[in-house]
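Trainee: So here's start24.pdb (PDB, C-alpha atoms and all ligand atoms).
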ATOM      1  CA  MET B 970     -15.561  -9.572 -12.135
ATOM      2  CA  LEU B 971     -11.956  -8.571 -11.763
ATOM      3  CA  ASN B 972      -9.845  -8.364 -14.882
ATOM      4  CA  GLU B 973      -7.615 -11.445 -15.288
ATOM      5  CA  LYS B 974      -4.368  -9.504 -15.551
ATOM      6  CA  LEU B 975      -5.309  -7.574 -12.415
ATOM      7  CA  VAL B 976      -6.095 -10.800 -10.520
ATOM      8  CA  LYS B 977      -2.671 -12.191 -11.451
ATOM      9  CA  SER B 978      -0.883  -9.004 -10.378
ATOM     10  CA  LEU B 979      -2.821  -8.693  -7.113
ATOM     11  CA  ASN B 980      -1.933 -12.291  -6.265
ATOM     12  CA  GLU B 981       1.714 -11.566  -7.066
ATOM     13  CA  GLN B 982       1.586  -8.509  -4.833
ATOM     14  CA  LEU B 983       0.066 -10.555  -2.007
ATOM     15  CA  ASN B 984       2.972 -12.993  -2.241
ATOM     16  CA  MET B 985       5.454 -10.132  -2.494
ATOM     17  CA  GLU B 986       4.195  -8.682   0.806
ATOM     18  CA  LEU B 987       4.686 -12.088   2.434
ATOM     19  CA  GLU B 988       8.142 -12.280   0.852
ATOM     20  CA  ALA B 989       8.971  -8.891   2.393
ATOM     21  CA  GLY B 990       7.842 -10.269   5.768
ATOM     22  CA  HIS B 991      10.032 -13.328   5.233
ATOM     23  CA  ASN B 992      13.009 -11.065   4.460
ATOM     24  CA  TYR B 993      12.409  -9.055   7.629
ATOM     25  CA  LEU B 994      12.253 -12.208   9.737
ATOM     26  CA  SER B 995      15.648 -13.136   8.321
ATOM     27  CA  MET B 996      17.019  -9.683   9.148
ATOM     28  CA  ALA B 997      15.643 -10.021  12.698
ATOM     29  CA  ALA B 998      17.406 -13.398  13.008
ATOM     30  CA  TYR B 999      20.761 -11.875  12.014
ATOM     31  CA  LEU B1000      20.317  -8.948  14.416
ATOM     32  CA  GLU B1001      19.219 -11.202  17.264
ATOM     33  CA  TYR B1002      22.269 -13.402  16.647
ATOM     34  CA  ARG B1003      24.500 -10.317  16.833
ATOM     35  CA  SER B1004      22.722  -9.353  20.096
ATOM     36  CA  TYR B1005      21.056  -6.255  18.724
ATOM     37  CA  GLU B1006      17.760  -7.057  20.366
ATOM     38  CA  GLY B1007      16.165  -3.648  19.838
ATOM     39  CA  PHE B1008      16.857  -3.698  16.109
ATOM     40  CA  ALA B1009      15.721  -7.334  15.954
ATOM     41  CA  ASN B1010      12.428  -6.276  17.553
ATOM     42  CA  PHE B1011      12.011  -3.537  14.961
ATOM     43  CA  PHE B1012      12.275  -6.084  12.141
ATOM     44  CA  MET B1013      10.040  -8.625  13.877
ATOM     45  CA  GLU B1014       7.346  -5.937  14.105
ATOM     46  CA  GLN B1015       8.019  -4.958  10.486
ATOM     47  CA  ALA B1016       7.448  -8.595   9.479
ATOM     48  CA  LYS B1017       4.034  -8.501  11.205
ATOM     49  CA  GLU B1018       3.220  -5.327   9.321
ATOM     50  CA  GLU B1019       4.070  -7.009   5.996
ATOM     51  CA  PHE B1020       1.838  -9.940   6.884
ATOM     52  CA  SER B1021      -0.995  -7.471   7.489
ATOM     53  CA  HIS B1022      -0.311  -5.897   4.065
ATOM     54  CA  GLY B1023      -0.630  -9.333   2.501
ATOM     55  CA  MET B1024      -3.902  -9.928   4.351
ATOM     56  CA  ARG B1025      -5.294  -6.622   3.094
ATOM     57  CA  ILE B1026      -4.891  -7.936  -0.454
ATOM     58  CA  TYR B1027      -6.218 -11.348   0.574
ATOM     59  CA  ASN B1028      -9.363  -9.698   1.968
ATOM     60  CA  TYR B1029      -9.750  -7.503  -1.092
ATOM     61  CA  LEU B1030      -9.540 -10.487  -3.440
ATOM     62  CA  ASN B1031     -12.180 -12.258  -1.364
ATOM     63  CA  ASP B1032     -14.410  -9.179  -1.364
ATOM     64  CA  ARG B1033     -14.188  -9.207  -5.156
ATOM     65  CA  GLY B1034     -15.063 -12.899  -5.316
ATOM     66  CA  VAL B1035     -11.590 -14.090  -6.261
ATOM     67  CA  LYS B1036      -9.564 -16.846  -4.603
ATOM     68  CA  ALA B1037      -6.144 -15.831  -3.286
ATOM     69  CA  VAL B1038      -3.315 -18.018  -4.592
ATOM     70  CA  TYR B1039      -0.121 -18.499  -2.617
ATOM     71  CA  SER B1040       3.211 -19.296  -4.228
ATOM     72  CA  ALA B1041       6.595 -20.460  -2.941
ATOM     73  CA  LEU B1042       8.709 -17.716  -1.406
ATOM     74  CA  PRO B1043      12.353 -17.214  -2.438
ATOM     75  CA  THR B1044      15.042 -17.892   0.165
ATOM     76  CA  PRO B1045      15.654 -14.550   1.878
ATOM     77  CA  PRO B1046      19.128 -13.040   2.242
ATOM     78  CA  ASN B1047      20.547 -14.666   5.378
ATOM     79  CA  ASP B1048      23.778 -12.854   5.941
ATOM     80  CA  PHE B1049      24.581  -9.196   6.366
ATOM     81  CA  ASP B1050      27.697  -7.084   7.011
ATOM     82  CA  SER B1051      26.326  -4.806   9.720
ATOM     83  CA  VAL B1052      23.242  -3.114  11.166
ATOM     84  CA  LEU B1053      23.611  -0.428   8.506
ATOM     85  CA  ASP B1054      23.768  -3.073   5.775
ATOM     86  CA  VAL B1055      20.491  -4.587   7.036
ATOM     87  CA  PHE B1056      18.675  -1.247   6.882
ATOM     88  CA  LYS B1057      20.101  -0.477   3.427
ATOM     89  CA  LYS B1058      18.912  -3.838   2.099
ATOM     90  CA  ALA B1059      15.498  -3.256   3.684
ATOM     91  CA  LEU B1060      15.156   0.103   1.906
ATOM     92  CA  ALA B1061      16.289  -1.429  -1.399
ATOM     93  CA  HIS B1062      13.598  -4.084  -1.057
ATOM     94  CA  GLU B1063      10.903  -1.515  -0.210
ATOM     95  CA  LYS B1064      11.809   0.331  -3.411
ATOM     96  CA  VAL B1065      11.178  -2.861  -5.385
ATOM     97  CA  VAL B1066       7.806  -3.195  -3.628
ATOM     98  CA  THR B1067       6.943   0.435  -4.457
ATOM     99  CA  LYS B1068       7.678  -0.170  -8.134
ATOM    100  CA  SER B1069       5.518  -3.270  -8.109
ATOM    101  CA  ILE B1070       2.578  -1.405  -6.530
ATOM    102  CA  HIS B1071       2.908   1.387  -9.080
ATOM    103  CA  ASN B1072       2.829  -1.205 -11.890
ATOM    104  CA  LEU B1073      -0.248  -2.711 -10.317
ATOM    105  CA  ALA B1074      -1.903   0.725 -10.210
ATOM    106  CA  ASP B1075      -0.989   1.231 -13.892
ATOM    107  CA  ILE B1076      -2.879  -1.963 -14.746
ATOM    108  CA  ALA B1077      -5.883  -0.890 -12.652
ATOM    109  CA  TYR B1078      -5.961   2.433 -14.557
ATOM    110  CA  GLU B1079      -5.523   0.641 -17.873
ATOM    111  CA  VAL B1080      -8.593  -1.535 -17.273
ATOM    112  CA  LYS B1081     -10.474   1.327 -15.553
ATOM    113  CA  ASP B1082     -11.111  -0.629 -12.351
ATOM    114  CA  HIS B1083     -11.948   2.240 -10.020
ATOM    115  CA  ALA B1084     -12.455   0.101  -6.928
ATOM    116  CA  THR B1085      -8.953  -1.369  -7.291
ATOM    117  CA  ILE B1086      -7.481   2.075  -7.953
ATOM    118  CA  SER B1087      -9.045   3.270  -4.704
ATOM    119  CA  PHE B1088      -7.860   0.146  -2.854
ATOM    120  CA  LEU B1089      -4.289   0.647  -4.086
ATOM    121  CA  ASN B1090      -4.112   4.276  -3.006
ATOM    122  CA  TRP B1091      -3.586   3.140   0.578
ATOM    123  CA  PHE B1092      -0.568   1.085  -0.538
ATOM    124  CA  ILE B1093       0.852   3.953  -2.593
ATOM    125  CA  ASP B1094       0.749   6.225   0.470
ATOM    126  CA  GLU B1095       2.089   3.460   2.708
ATOM    127  CA  GLN B1096       5.146   2.986   0.477
ATOM    128  CA  VAL B1097       6.033   6.676   0.739
ATOM    129  CA  GLU B1098       5.937   6.225   4.515
ATOM    130  CA  GLU B1099       7.962   2.966   4.484
ATOM    131  CA  GLU B1100      10.724   4.446   2.346
ATOM    132  CA  ALA B1101      10.869   7.594   4.485
ATOM    133  CA  VAL B1102      11.159   5.551   7.704
ATOM    134  CA  PHE B1103      14.023   3.394   6.401
ATOM    135  CA  ASP B1104      15.733   6.400   4.876
ATOM    136  CA  THR B1105      15.722   8.191   8.240
ATOM    137  CA  HIS B1106      17.057   5.145  10.101
ATOM    138  CA  ILE B1107      19.851   4.781   7.532
ATOM    139  CA  GLU B1108      20.841   8.436   7.952
ATOM    140  CA  TYR B1109      20.978   8.119  11.735
ATOM    141  CA  ILE B1110      22.749   4.769  11.823
ATOM    142  CA  ALA B1111      25.291   5.921   9.231
ATOM    143  CA  ARG B1112      25.961   8.967  11.399
ATOM    144  CA  ILE B1113      26.541   6.982  14.590
ATOM    145  CA  LYS B1114      27.828   3.677  13.247
ATOM    146  CA  HIS B1115      31.242   3.853  14.902
ATOM    147  CA  ASP B1116      29.802   4.934  18.233
ATOM    148  CA  GLU B1117      28.532   1.788  19.953
ATOM    149  CA  ASN B1118      27.079   3.824  22.848
ATOM    150  CA  ALA B1119      24.990   5.995  20.537
ATOM    151  CA  LEU B1120      23.941   2.915  18.568
ATOM    152  CA  PHE B1121      22.831   1.299  21.821
ATOM    153  CA  ILE B1122      20.656   4.303  22.731
ATOM    154  CA  TYR B1123      19.145   4.430  19.240
ATOM    155  CA  GLU B1124      18.458   0.723  19.421
ATOM    156  CA  GLN B1125      16.549   1.097  22.693
ATOM    157  CA  GLU B1126      14.068   3.359  20.889
ATOM    158  CA  LEU B1127      13.487   0.851  18.097
ATOM    159  CA  GLY B1128      13.165  -1.875  20.709
ATOM    160  CA  LYS B1129       9.935  -0.227  21.888
ATOM    161  CA  ARG B1130       8.206  -0.577  18.539
ATOM    162  CA  LYS B1131       4.949  -2.533  18.595
ATOM    163  CA  PHE B1132       2.990  -3.002  15.417
ATOM    164  CA  SER B1133      -0.782  -2.845  15.529
ATOM    165  CA  ALA B1134      -2.953  -3.060  12.427
ATOM    166  CA  GLU B1135      -5.383  -0.186  11.919
TER     167      GLU B1135
HETATM  168 MG    MG B1201       4.480  -3.952   2.486
END
Is it possible to give me this structure as structure tokens?
Ligand code: MG
Mentor:
Amino acid sequence: MLNEKLVKSLNEQLNMELEAGHNYLSMAAYLEYRSYEGFANFFMEQAKEEFSHGMRIYNYLNDRGVKAVYSALPTPPNDFDSVLDVFKKALAHEKVVTKSIHNLADIAYEVKDHATISFLNWFIDEQVEEEAVFDTHIEYIARIKHDENALFIYEQELGKRKFSAE
């Protein structure tokens, strides 16, 4: 049986992944409204990815004989200053998620739950990847932000993104 504190934290993490997805949908809505369709697509696909992260935890809880519990999601940020601002806020949120996963891993170590430690390793690696991706986009967009033509070309690339769960 899973440790009670671990169950609570895994459920919180599940909801946090859905919250991240909710935030990305809101970012996509802003970008779509500003007619940045490629960037909007990027965030729509990112939202799907977050949903799949949530479902990974949902499946894990079920595998361990625990019921997943959903909670209300906070209202996401709905307004942004620019494309760059959106990406910066996305990275800031991913950093919060990383911290939360590390805390979760600390608890798993504390209670010596080796299966959960192993399960969380995927998330720890994934967060390194997520932060690196946003960091790179921020660097590029900051570099070209006053050049609408370059931004357009960059956006076309992100418009091709299609998420598929492994
Ligand atoms: Mg995630």
Trainee: Taking all atoms listed in the file into account, which residues have an atom no farther than 6 Å from ligand MG 1201 (chain B)? I'd like them as a count of residues only.
Mentor: 3
Trainee: With the PyMOL selection byres (((chain B and resi 1017) around 12) and not hetatm) as the selection, what would be picked from this file? Answer as a PyMOL selection string, please.
Mentor: chain B and resi 986-994+997+1010-1016+1018-1024+1130-1134
Trainee: Work out how far apart atom CA of Lys1036 of chain B and atom CA of Val1065 of chain B are and give it in Å to one decimal.
Mentor: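 Separating atom CA of Lys1036 of chain B from atom CA of Val1065 of chain B is a distance of 25.0 Å.
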Trainee: What's the 12 Å shell around Lys1064 of chain B, counting only C-alpha atoms, without same-chain residues fewer than 5 positions away, as a PyMOL selection string?
Mentor: chain B and resi 989+1057-1059+1069-1071+1093+1095-1101+1103-1104
Trainee: Take the PyMOL selection byres (((chain B and resi 1046) around 10) and not hetatm), apply it to the structure above, and return the hits as a list in words.
Mentor: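 So the PyMOL selection byres (((chain B and resi 1046) around 10) and not hetatm) ends up selecting His991, Asn992, Tyr993, Ser995, Met996, Tyr999, Pro1043, Thr1044, Pro1045, Asn1047, Asp1048, Phe1049, Val1055 and Lys1058 of chain B.
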Trainee: Given 5 Å on each side, where is the centre and what are the edge lengths in Å to one decimal of the axis-aligned box enclosing the listed atoms of segment 1007-1023 of chain B, as lines of an AutoDock Vina configuration file?
Mentor:
center_x = 7.9
center_y = -6.7
center_z = 11.2
size_x = 27.9
size_y = 16.4
size_z = 27.3
Trainee: Kindly resolve the PyMOL selection byres (((chain B and resi 1075) around 12) and not hetatm) on the present coordinates and return the residues as a PDB file with C-alpha atoms, keeping the file's coordinate frame.
Mentor:
ATOM      1  CA  LYS B 974      -4.368  -9.504 -15.551  1.00  0.00           C
ATOM      2  CA  LEU B 975      -5.309  -7.574 -12.415  1.00  0.00           C
ATOM      3  CA  SER B 978      -0.883  -9.004 -10.378  1.00  0.00           C
ATOM      4  CA  LYS B1068       7.678  -0.170  -8.134  1.00  0.00           C
ATOM      5  CA  SER B1069       5.518  -3.270  -8.109  1.00  0.00           C
ATOM      6  CA  ILE B1070       2.578  -1.405  -6.530  1.00  0.00           C
ATOM      7  CA  HIS B1071       2.908   1.387  -9.080  1.00  0.00           C
ATOM      8  CA  ASN B1072       2.829  -1.205 -11.890  1.00  0.00           C
ATOM      9  CA  LEU B1073      -0.248  -2.711 -10.317  1.00  0.00           C
ATOM     10  CA  ALA B1074      -1.903   0.725 -10.210  1.00  0.00           C
ATOM     11  CA  ILE B1076      -2.879  -1.963 -14.746  1.00  0.00           C
ATOM     12  CA  ALA B1077      -5.883  -0.890 -12.652  1.00  0.00           C
ATOM     13  CA  TYR B1078      -5.961   2.433 -14.557  1.00  0.00           C
ATOM     14  CA  GLU B1079      -5.523   0.641 -17.873  1.00  0.00           C
ATOM     15  CA  VAL B1080      -8.593  -1.535 -17.273  1.00  0.00           C
ATOM     16  CA  LYS B1081     -10.474   1.327 -15.553  1.00  0.00           C
ATOM     17  CA  ASP B1082     -11.111  -0.629 -12.351  1.00  0.00           C
ATOM     18  CA  HIS B1083     -11.948   2.240 -10.020  1.00  0.00           C
ATOM     19  CA  THR B1085      -8.953  -1.369  -7.291  1.00  0.00           C
ATOM     20  CA  ILE B1086      -7.481   2.075  -7.953  1.00  0.00           C
ATOM     21  CA  LEU B1089      -4.289   0.647  -4.086  1.00  0.00           C
ATOM     22  CA  ASN B1090      -4.112   4.276  -3.006  1.00  0.00           C
ATOM     23  CA  ILE B1093       0.852   3.953  -2.593  1.00  0.00           C
TER      24      ILE B1093
END
Trainee: Using atom CA of Arg1033 of chain B and atom CA of Gln982 of chain B as the two end points, give the distance in Å to one decimal.
Mentor: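 Between these atoms lies a distance of 15.8 Å.
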Trainee: Rounded to one decimal place, report the atom CA of Leu979 of chain B-atom CA of Trp1091 of chain B distance in Å.
Mentor: 14.1 Å
Trainee: Report as JSON lines the residues of segment 1002-1046 of chain B within 8 Å of segment 1122-1129 of chain B, each with its shortest atom pair and distance in Å (one decimal), using only C-alpha atoms, ordered by chain and increasing residue number.
Mentor:
{"residue": "B:Tyr1005", "atom": "CA", "partner": "B:Glu1124", "partner_atom": "CA", "distance": 7.5}
{"residue": "B:Glu1006", "atom": "CA", "partner": "B:Gly1128", "partner_atom": "CA", "distance": 6.9}
{"residue": "B:Gly1007", "atom": "CA", "partner": "B:Gly1128", "partner_atom": "CA", "distance": 3.6}
{"residue": "B:Phe1008", "atom": "CA", "partner": "B:Glu1124", "partner_atom": "CA", "distance": 5.8}
{"residue": "B:Ala1009", "atom": "CA", "partner": "B:Gly1128", "partner_atom": "CA", "distance": 7.7}
{"residue": "B:Asn1010", "atom": "CA", "partner": "B:Gly1128", "partner_atom": "CA", "distance": 5.5}
{"residue": "B:Phe1011", "atom": "CA", "partner": "B:Leu1127", "partner_atom": "CA", "distance": 5.6}
Trainee: Taking only C-alpha atoms into account, which of B:Leu1060, B:Phe1121, B:Ala1084, B:Leu1042 comes nearest Tyr1029 of chain B?
Mentor: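 Counting only C-alpha atoms, the residue closest to Tyr1029 of chain B is B:Ala1084.
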